[in-house]
file coords18.pdb (PDB, C-alpha atoms)
MODEL        1
ATOM      1  CA  MET A   1       0.000   0.000   0.000  1.00  0.00           C
ATOM      2  CA  MET A   2       1.417   3.422  -0.976  1.00  0.00           C
ATOM      3  CA  ARG A   3       1.605   5.890   1.851  1.00  0.00           C
ATOM      4  CA  SER A   4       0.464   9.448   1.383  1.00  0.00           C
ATOM      5  CA  PRO A   5       3.021  12.291   1.402  1.00  0.00           C
ATOM      6  CA  LEU A   6       1.541  13.349   4.732  1.00  0.00           C
ATOM      7  CA  SER A   7       2.340   9.939   6.234  1.00  0.00           C
ATOM      8  CA  HIS A   8       5.918  10.113   5.019  1.00  0.00           C
ATOM      9  CA  LEU A   9       6.212  13.609   6.508  1.00  0.00           C
ATOM     10  CA  ALA A  10       4.937  12.404   9.858  1.00  0.00           C
ATOM     11  CA  VAL A  11       7.403   9.499   9.927  1.00  0.00           C
ATOM     12  CA  ALA A  12      10.283  11.828   9.036  1.00  0.00           C
ATOM     13  CA  ALA A  13       9.299  14.306  11.745  1.00  0.00           C
ATOM     14  CA  THR A  14       9.127  11.490  14.308  1.00  0.00           C
ATOM     15  CA  LEU A  15      12.604  10.241  13.381  1.00  0.00           C
ATOM     16  CA  VAL A  16      14.015  13.759  13.685  1.00  0.00           C
ATOM     17  CA  CYS A  17      12.504  14.140  17.144  1.00  0.00           C
ATOM     18  CA  ILE A  18      13.881  10.764  18.267  1.00  0.00           C
ATOM     19  CA  ALA A  19      17.346  11.630  16.990  1.00  0.00           C
ATOM     20  CA  ALA A  20      17.358  15.043  18.623  1.00  0.00           C
ATOM     21  CA  THR A  21      15.959  14.095  22.025  1.00  0.00           C
ATOM     22  CA  PRO A  22      18.948  12.204  23.526  1.00  0.00           C
ATOM     23  CA  MET A  23      21.417  15.023  22.893  1.00  0.00           C
ATOM     24  CA  GLU A  24      19.070  17.616  24.327  1.00  0.00           C
ATOM     25  CA  SER A  25      18.240  15.462  27.357  1.00  0.00           C
ATOM     26  CA  GLY A  26      21.900  15.415  28.362  1.00  0.00           C
ATOM     27  CA  SER A  27      22.538  19.132  27.913  1.00  0.00           C
ATOM     28  CA  LEU A  28      23.871  20.989  30.933  1.00  0.00           C
ATOM     29  CA  SER A  29      23.770  24.691  31.671  1.00  0.00           C
ATOM     30  CA  LEU A  30      25.815  26.940  33.933  1.00  0.00           C
ATOM     31  CA  ARG A  31      24.175  28.193  37.085  1.00  0.00           C
ATOM     32  CA  ASP A  32      24.668  31.603  38.618  1.00  0.00           C
ATOM     33  CA  GLY A  33      27.752  31.557  40.769  1.00  0.00           C
ATOM     34  CA  SER A  34      29.962  29.796  38.227  1.00  0.00           C
ATOM     35  CA  ARG A  35      33.407  31.403  38.256  1.00  0.00           C
ATOM     36  CA  LEU A  36      36.609  31.434  36.228  1.00  0.00           C
ATOM     37  CA  TRP A  37      39.671  33.472  37.143  1.00  0.00           C
ATOM     38  CA  PHE A  38      43.417  33.824  36.539  1.00  0.00           C
ATOM     39  CA  ASP A  39      46.115  34.228  39.173  1.00  0.00           C
ATOM     40  CA  GLY A  40      49.498  35.567  38.186  1.00  0.00           C
ATOM     41  CA  THR A  41      52.642  37.185  39.513  1.00  0.00           C
ATOM     42  CA  SER A  42      54.707  40.262  38.784  1.00  0.00           C
ATOM     43  CA  THR A  43      57.940  41.779  39.995  1.00  0.00           C
ATOM     44  CA  ILE A  44      56.038  43.666  42.721  1.00  0.00           C
ATOM     45  CA  ARG A  45      52.916  41.686  43.623  1.00  0.00           C
ATOM     46  CA  ALA A  46      50.481  38.934  42.761  1.00  0.00           C
ATOM     47  CA  TRP A  47      47.433  39.795  40.655  1.00  0.00           C
ATOM     48  CA  ARG A  48      44.098  38.308  39.645  1.00  0.00           C
ATOM     49  CA  CYS A  49      41.781  38.740  36.657  1.00  0.00           C
ATOM     50  CA  THR A  50      38.268  37.317  36.524  1.00  0.00           C
ATOM     51  CA  ALA A  51      36.182  36.300  33.529  1.00  0.00           C
ATOM     52  CA  ASP A  52      32.921  38.147  34.056  1.00  0.00           C
ATOM     53  CA  LYS A  53      31.137  36.183  31.335  1.00  0.00           C
ATOM     54  CA  ILE A  54      31.404  32.468  30.536  1.00  0.00           C
ATOM     55  CA  ASP A  55      29.697  30.735  27.621  1.00  0.00           C
ATOM     56  CA  ALA A  56      29.553  26.962  27.899  1.00  0.00           C
ATOM     57  CA  THR A  57      28.189  24.252  25.632  1.00  0.00           C
ATOM     58  CA  LEU A  58      27.986  20.872  27.351  1.00  0.00           C
ATOM     59  CA  HIS A  59      26.105  18.056  25.634  1.00  0.00           C
ATOM     60  CA  SER A  60      25.778  14.320  26.183  1.00  0.00           C
ATOM     61  CA  PRO A  61      23.437  11.687  24.715  1.00  0.00           C
ATOM     62  CA  ASP A  62      23.131  10.304  28.279  1.00  0.00           C
ATOM     63  CA  SER A  63      20.194  11.838  30.119  1.00  0.00           C
ATOM     64  CA  ALA A  64      21.731  10.689  33.428  1.00  0.00           C
ATOM     65  CA  VAL A  65      25.045  12.424  32.773  1.00  0.00           C
ATOM     66  CA  ILE A  66      25.201  14.037  36.233  1.00  0.00           C
ATOM     67  CA  ALA A  67      24.371  10.888  38.189  1.00  0.00           C
ATOM     68  CA  ASN A  68      26.739   8.727  36.152  1.00  0.00           C
ATOM     69  CA  THR A  69      29.591  11.222  36.466  1.00  0.00           C
ATOM     70  CA  LEU A  70      29.192  11.364  40.242  1.00  0.00           C
ATOM     71  CA  GLU A  71      29.358   7.547  40.277  1.00  0.00           C
ATOM     72  CA  GLY A  72      32.634   7.675  38.382  1.00  0.00           C
ATOM     73  CA  LYS A  73      31.150   6.361  35.131  1.00  0.00           C
ATOM     74  CA  LYS A  74      32.299   7.854  31.835  1.00  0.00           C
ATOM     75  CA  VAL A  75      29.645   9.101  29.423  1.00  0.00           C
ATOM     76  CA  ALA A  76      29.922  10.296  25.846  1.00  0.00           C
ATOM     77  CA  GLY A  77      29.684  14.013  25.298  1.00  0.00           C
ATOM     78  CA  THR A  78      31.205  17.276  24.171  1.00  0.00           C
ATOM     79  CA  VAL A  79      32.412  20.254  26.171  1.00  0.00           C
ATOM     80  CA  GLN A  80      33.288  23.732  24.973  1.00  0.00           C
ATOM     81  CA  VAL A  81      33.947  26.713  27.239  1.00  0.00           C
ATOM     82  CA  ASP A  82      34.364  30.245  25.838  1.00  0.00           C
ATOM     83  CA  PHE A  83      34.909  33.610  27.429  1.00  0.00           C
ATOM     84  CA  PRO A  84      35.371  36.970  25.720  1.00  0.00           C
ATOM     85  CA  VAL A  85      38.770  38.566  26.299  1.00  0.00           C
ATOM     86  CA  ALA A  86      37.082  41.958  26.606  1.00  0.00           C
ATOM     87  CA  THR A  87      35.278  40.842  29.790  1.00  0.00           C
ATOM     88  CA  LEU A  88      38.467  40.034  31.716  1.00  0.00           C
ATOM     89  CA  GLU A  89      38.508  42.266  34.782  1.00  0.00           C
ATOM     90  CA  CYS A  90      41.783  42.795  36.663  1.00  0.00           C
ATOM     91  CA  LYS A  91      40.467  45.519  39.028  1.00  0.00           C
ATOM     92  CA  ASN A  92      42.973  47.939  37.529  1.00  0.00           C
ATOM     93  CA  GLY A  93      42.295  49.933  34.383  1.00  0.00           C
ATOM     94  CA  THR A  94      45.939  50.005  33.301  1.00  0.00           C
ATOM     95  CA  MET A  95      46.288  46.257  33.841  1.00  0.00           C
ATOM     96  CA  ASN A  96      43.086  45.659  31.877  1.00  0.00           C
ATOM     97  CA  GLU A  97      44.490  47.585  28.927  1.00  0.00           C
ATOM     98  CA  HIS A  98      47.859  45.849  28.991  1.00  0.00           C
ATOM     99  CA  MET A  99      46.278  42.394  29.327  1.00  0.00           C
ATOM    100  CA  ALA A 100      43.909  43.052  26.412  1.00  0.00           C
ATOM    101  CA  LYS A 101      46.866  44.210  24.308  1.00  0.00           C
ATOM    102  CA  ALA A 102      48.976  41.178  25.237  1.00  0.00           C
ATOM    103  CA  LEU A 103      46.113  38.815  24.334  1.00  0.00           C
ATOM    104  CA  LYS A 104      45.500  40.658  21.027  1.00  0.00           C
ATOM    105  CA  ALA A 105      41.882  41.152  22.088  1.00  0.00           C
ATOM    106  CA  THR A 106      40.942  43.218  19.030  1.00  0.00           C
ATOM    107  CA  ALA A 107      41.934  40.475  16.575  1.00  0.00           C
ATOM    108  CA  PHE A 108      41.121  37.433  18.731  1.00  0.00           C
ATOM    109  CA  THR A 109      38.082  38.189  20.836  1.00  0.00           C
ATOM    110  CA  THR A 110      37.504  34.815  22.496  1.00  0.00           C
ATOM    111  CA  ILE A 111      39.487  32.313  24.560  1.00  0.00           C
ATOM    112  CA  ARG A 112      38.157  28.780  23.992  1.00  0.00           C
ATOM    113  CA  PHE A 113      38.676  25.379  25.580  1.00  0.00           C
ATOM    114  CA  THR A 114      37.389  22.359  23.638  1.00  0.00           C
ATOM    115  CA  MET A 115      37.436  18.898  25.197  1.00  0.00           C
ATOM    116  CA  HIS A 116      38.327  15.913  22.994  1.00  0.00           C
ATOM    117  CA  SER A 117      38.537  13.148  25.613  1.00  0.00           C
ATOM    118  CA  TYR A 118      38.683  12.689  29.368  1.00  0.00           C
ATOM    119  CA  GLU A 119      39.530  10.266  32.167  1.00  0.00           C
ATOM    120  CA  LEU A 120      37.705   9.577  35.428  1.00  0.00           C
ATOM    121  CA  THR A 121      38.881   8.132  38.726  1.00  0.00           C
ATOM    122  CA  LYS A 122      36.656   7.431  41.700  1.00  0.00           C
ATOM    123  CA  GLY A 123      38.264   7.541  45.130  1.00  0.00           C
ATOM    124  CA  SER A 124      37.148   9.579  48.102  1.00  0.00           C
ATOM    125  CA  ALA A 125      35.969  11.995  45.377  1.00  0.00           C
ATOM    126  CA  VAL A 126      35.465  11.703  41.649  1.00  0.00           C
ATOM    127  CA  SER A 127      38.358  13.315  39.823  1.00  0.00           C
ATOM    128  CA  GLY A 128      39.654  13.250  36.310  1.00  0.00           C
ATOM    129  CA  THR A 129      41.550  14.938  33.528  1.00  0.00           C
ATOM    130  CA  LEU A 130      40.055  16.725  30.536  1.00  0.00           C
ATOM    131  CA  HIS A 131      42.149  16.501  27.379  1.00  0.00           C
ATOM    132  CA  GLY A 132      41.551  19.052  24.665  1.00  0.00           C
ATOM    133  CA  THR A 133      42.780  22.253  23.106  1.00  0.00           C
ATOM    134  CA  LEU A 134      43.071  25.830  24.297  1.00  0.00           C
ATOM    135  CA  GLN A 135      42.617  28.542  21.697  1.00  0.00           C
ATOM    136  CA  LEU A 136      44.312  31.704  22.924  1.00  0.00           C
ATOM    137  CA  SER A 137      45.493  34.794  21.076  1.00  0.00           C
ATOM    138  CA  GLY A 138      45.033  33.133  17.691  1.00  0.00           C
ATOM    139  CA  LYS A 139      46.970  29.972  18.544  1.00  0.00           C
ATOM    140  CA  THR A 140      45.529  26.552  19.418  1.00  0.00           C
ATOM    141  CA  LEU A 141      47.545  24.045  21.468  1.00  0.00           C
ATOM    142  CA  PRO A 142      46.737  20.811  23.321  1.00  0.00           C
ATOM    143  CA  ILE A 143      46.162  21.063  27.051  1.00  0.00           C
ATOM    144  CA  SER A 144      45.206  18.706  29.876  1.00  0.00           C
ATOM    145  CA  VAL A 145      43.109  20.045  32.740  1.00  0.00           C
ATOM    146  CA  PRO A 146      42.755  18.217  36.101  1.00  0.00           C
ATOM    147  CA  VAL A 147      39.243  18.452  37.548  1.00  0.00           C
ATOM    148  CA  THR A 148      37.223  17.331  40.546  1.00  0.00           C
ATOM    149  CA  PHE A 149      33.504  16.539  40.339  1.00  0.00           C
ATOM    150  CA  GLY A 150      31.073  16.931  43.203  1.00  0.00           C
ATOM    151  CA  ALA A 151      27.371  17.202  43.912  1.00  0.00           C
ATOM    152  CA  ALA A 152      25.797  20.647  43.842  1.00  0.00           C
ATOM    153  CA  ALA A 153      22.457  21.789  45.235  1.00  0.00           C
ATOM    154  CA  ASP A 154      19.226  20.552  43.658  1.00  0.00           C
ATOM    155  CA  GLY A 155      20.815  17.652  41.820  1.00  0.00           C
ATOM    156  CA  GLY A 156      23.448  19.733  40.082  1.00  0.00           C
ATOM    157  CA  LEU A 157      27.091  19.017  39.275  1.00  0.00           C
ATOM    158  CA  ARG A 158      30.060  21.035  40.494  1.00  0.00           C
ATOM    159  CA  VAL A 159      33.303  20.981  38.489  1.00  0.00           C
ATOM    160  CA  THR A 160      36.406  22.569  40.015  1.00  0.00           C
ATOM    161  CA  GLY A 161      40.049  22.673  39.062  1.00  0.00           C
ATOM    162  CA  LYS A 162      43.084  24.708  38.140  1.00  0.00           C
ATOM    163  CA  VAL A 163      45.777  24.500  35.485  1.00  0.00           C
ATOM    164  CA  PRO A 164      48.972  26.513  34.893  1.00  0.00           C
ATOM    165  CA  VAL A 165      49.307  28.134  31.463  1.00  0.00           C
ATOM    166  CA  GLN A 166      52.642  29.306  30.079  1.00  0.00           C
ATOM    167  CA  MET A 167      51.559  32.390  28.134  1.00  0.00           C
ATOM    168  CA  THR A 168      54.625  32.386  25.907  1.00  0.00           C
ATOM    169  CA  ASP A 169      53.645  28.947  24.540  1.00  0.00           C
ATOM    170  CA  TRP A 170      50.689  30.726  22.931  1.00  0.00           C
ATOM    171  CA  ASP A 171      52.939  33.549  21.698  1.00  0.00           C
ATOM    172  CA  VAL A 172      51.577  35.917  24.347  1.00  0.00           C
ATOM    173  CA  LYS A 173      54.166  38.407  25.571  1.00  0.00           C
ATOM    174  CA  PRO A 174      53.635  39.011  29.304  1.00  0.00           C
ATOM    175  CA  PRO A 175      52.613  42.640  29.922  1.00  0.00           C
ATOM    176  CA  THR A 176      55.008  45.210  31.306  1.00  0.00           C
ATOM    177  CA  LEU A 177      54.010  48.404  33.118  1.00  0.00           C
ATOM    178  CA  MET A 178      55.671  51.593  34.295  1.00  0.00           C
ATOM    179  CA  MET A 179      58.187  51.757  31.439  1.00  0.00           C
ATOM    180  CA  GLY A 180      59.141  48.134  31.950  1.00  0.00           C
ATOM    181  CA  THR A 181      59.907  48.436  35.658  1.00  0.00           C
ATOM    182  CA  ILE A 182      56.980  46.131  36.467  1.00  0.00           C
ATOM    183  CA  ARG A 183      56.972  42.814  34.649  1.00  0.00           C
ATOM    184  CA  VAL A 184      54.225  40.200  34.698  1.00  0.00           C
ATOM    185  CA  GLY A 185      55.345  36.589  35.130  1.00  0.00           C
ATOM    186  CA  PRO A 186      54.916  34.314  32.078  1.00  0.00           C
ATOM    187  CA  VAL A 187      52.817  31.696  33.905  1.00  0.00           C
ATOM    188  CA  VAL A 188      49.199  32.233  34.922  1.00  0.00           C
ATOM    189  CA  THR A 189      47.080  29.732  36.803  1.00  0.00           C
ATOM    190  CA  VAL A 190      43.545  29.313  35.506  1.00  0.00           C
ATOM    191  CA  HIS A 191      41.026  28.433  38.224  1.00  0.00           C
ATOM    192  CA  PHE A 192      37.405  27.463  37.677  1.00  0.00           C
ATOM    193  CA  ASP A 193      34.396  26.596  39.806  1.00  0.00           C
ATOM    194  CA  LEU A 194      31.497  25.674  37.542  1.00  0.00           C
ATOM    195  CA  GLN A 195      28.011  24.919  38.821  1.00  0.00           C
ATOM    196  CA  LEU A 196      26.024  22.861  36.301  1.00  0.00           C
ATOM    197  CA  GLN A 197      22.407  21.837  36.080  1.00  0.00           C
ATOM    198  CA  GLN A 198      20.343  19.727  33.707  1.00  0.00           C
ATOM    199  CA  GLY A 199      18.971  21.728  30.770  1.00  0.00           C
ATOM    200  CA  ARG A 200      19.913  23.640  27.670  1.00  0.00           C
ATOM    201  CA  ALA A 201      23.375  25.192  27.722  1.00  0.00           C
ATOM    202  CA  VAL A 202      23.335  28.957  28.284  1.00  0.00           C
ATOM    203  CA  ALA A 203      25.710  31.798  29.043  1.00  0.00           C
ATOM    204  CA  ALA A 204      26.695  32.492  32.632  1.00  0.00           C
ATOM    205  CA  GLN A 205      27.577  36.025  33.589  1.00  0.00           C
TER     206      GLN A 205
ENDMDL
END
call {"tool": "encode", "arguments": {"input": "coords18.pdb", "output": "structure tokens"}}
result
Amino acid sequence: MMRSPLSHLAVAATLVCIAATPMESGSLSLRDGSRLWFDGTSTIRAWRCTADKIDATLHSPDSAVIANTLEGKKVAGTVQVDFPVATLECKNGTMNEHMAKALKATAFTTIRFTMHSYELTKGSAVSGTLHGTLQLSGKTLPISVPVTFGAAADGGLRVTGKVPVQMTDWDVKPPTLMMGTIRVGPVVTVHFDLQLQQGRAVAAQ
């Protein structure tokens, strides 16, 4: 029996919905309170810059991605974290300007981490390592980021960690101030404390 065009359309629409549902069901979004910041050194004092806006895309075909992660079970998925260079806030106008210049913020507006694979270990806490790339100042290099997973309020997932970044590896010249008398150290430590919940990925700011 030949089906009508309407029947074929209905079947196609159903298949599209089935294909799309698993990925959406595993999407995670950032909650308010998620933070990302950089700690660095200089010839006179330590300094800190914060990322006042974070855009994250976290998808998995596993609808129980939070529960499985907290049990130390690996799930398939993708992770991408972006933040605009222009939103870095160092609590010092001169430092803001020099940091933006060093990171070539006009030409390369976004810093991006993309995960390609990861490892999990369950001990007293669930920890792991995210393997991916960091796109910074127009250059993309591999990077491994140690993380710790924990439960957050209302069934959420908390991801914390820190990783040192040698700015010169990404061809970033550490800023200098006061006619070169103040020099920023070449290594910054990236810290993050991300609060995730089930649902469509959104921007946190």
call {"tool": "atom_distance", "arguments": {"input": "coords18.pdb", "atom1": "CA of Thr109 in chain A", "atom2": "CA of Gln195 in chain A"}}
result
24.5 Å
call {"tool": "closest_residue", "arguments": {"input": "coords18.pdb", "among": "A:Phe108, A:Phe192, A:Trp170, A:Trp47", "to": "Asn96 in chain A", "atoms": "all atoms listed in the file"}}
result
A:Trp47
call {"tool": "resolve_selection", "arguments": {"input": "coords18.pdb", "expression": "the PyMOL selection byres ((chain A and resi 82) around 8)", "output": "NGL selection string"}}
result
:A and (54-56 or 80-81 or 83-84 or 110-113)
call {"tool": "resolve_selection", "arguments": {"input": "coords18.pdb", "expression": "the PyMOL selection byres ((chain A and resi 37) around 8)", "output": "VMD selection string"}}
result
chain A and resid 35 to 36 38 to 39 48 to 51 190 to 192
call {"tool": "write_last_selection", "arguments": {"input": "coords18.pdb", "atoms": "C-alpha atoms", "output": "compact mmCIF listing (two decimals), in the frame of the given file"}}
result
# COMPACT_ATOMS: atom_id res chain seq x y z
CA ARG A 35 33.41 31.40 38.26
CA LEU A 36 36.61 31.43 36.23
CA PHE A 38 43.42 33.82 36.54
CA ASP A 39 46.12 34.23 39.17
CA ARG A 48 44.10 38.31 39.65
CA CYS A 49 41.78 38.74 36.66
CA THR A 50 38.27 37.32 36.52
CA ALA A 51 36.18 36.30 33.53
CA VAL A 190 43.54 29.31 35.51
CA HIS A 191 41.03 28.43 38.22
CA PHE A 192 37.40 27.46 37.68
call {"tool": "atom_distance", "arguments": {"input": "coords18.pdb", "atom1": "CA of Leu30 in chain A", "atom2": "CA of Leu196 in chain A"}}
result
4.7 Å
call {"tool": "closest_residue", "arguments": {"input": "coords18.pdb", "among": "A:Val126, A:Gln198, A:Val79, A:Gly40", "to": "Val163 in chain A", "atoms": "all atoms listed in the file"}}
result
A:Gly40
call {"tool": "closest_residue", "arguments": {"input": "coords18.pdb", "among": "A:Gln197, A:Thr69, A:Thr114, A:Thr140", "to": "Ala153 in chain A", "atoms": "all atoms listed in the file"}}
result
A:Gln197
call {"tool": "resolve_selection", "arguments": {"input": "coords18.pdb", "expression": "the PyMOL selection byres ((chain A and resi 60) around 6)", "output": "PDB file with C-alpha atoms, keeping the file's coordinate frame"}}
result
ATOM      1  CA  MET A  23      21.417  15.023  22.893  1.00  0.00           C
ATOM      2  CA  GLY A  26      21.900  15.415  28.362  1.00  0.00           C
ATOM      3  CA  HIS A  59      26.105  18.056  25.634  1.00  0.00           C
ATOM      4  CA  PRO A  61      23.437  11.687  24.715  1.00  0.00           C
ATOM      5  CA  ASP A  62      23.131  10.304  28.279  1.00  0.00           C
ATOM      6  CA  ALA A  76      29.922  10.296  25.846  1.00  0.00           C
ATOM      7  CA  GLY A  77      29.684  14.013  25.298  1.00  0.00           C
TER       8      GLY A  77
END
call {"tool": "closest_residue", "arguments": {"input": "coords18.pdb", "among": "A:Asn68, A:Thr176, A:Thr121, A:Gln166", "to": "Leu141 in chain A", "atoms": "only C-alpha atoms"}}
result
A:Gln166
call {"tool": "axis_aligned_box", "arguments": {"input": "coords18.pdb", "around": "range 112-121 of chain A", "padding_each_side": "6 Å", "output": "JSON"}}
result
{"center_x": 38.5, "center_y": 18.5, "center_z": 30.9, "size_x": 14.1, "size_y": 32.6, "size_z": 27.7}
call {"tool": "atom_distance", "arguments": {"input": "coords18.pdb", "atom1": "CA of Leu194 in chain A", "atom2": "CA of Thr160 in chain A"}}
result
6.3 Å
call {"tool": "residues_around", "arguments": {"input": "coords18.pdb", "residues": "range 180-186 of chain A", "least_positions_apart": "2", "cutoff": "12 Å", "atoms": "all atoms listed in the file", "output": "NGL selection string"}}
result
:A and (39-48 or 95 or 98-99 or 102 or 164-178 or 188-189)
call {"tool": "closest_residue", "arguments": {"input": "coords18.pdb", "among": "A:Glu71, A:Asp32, A:Asp52, A:Glu119", "to": "Gly150 in chain A", "atoms": "only C-alpha atoms"}}
result
A:Glu71
call {"tool": "residues_near_point", "arguments": {"input": "coords18.pdb", "point": "(37.3, 12.2, 34.4)", "cutoff": "10 Å", "atoms": "all atoms listed in the file", "output": "PyMOL selection string"}}
result
chain A and resi 69+72-75+117-122+126-131+145-149
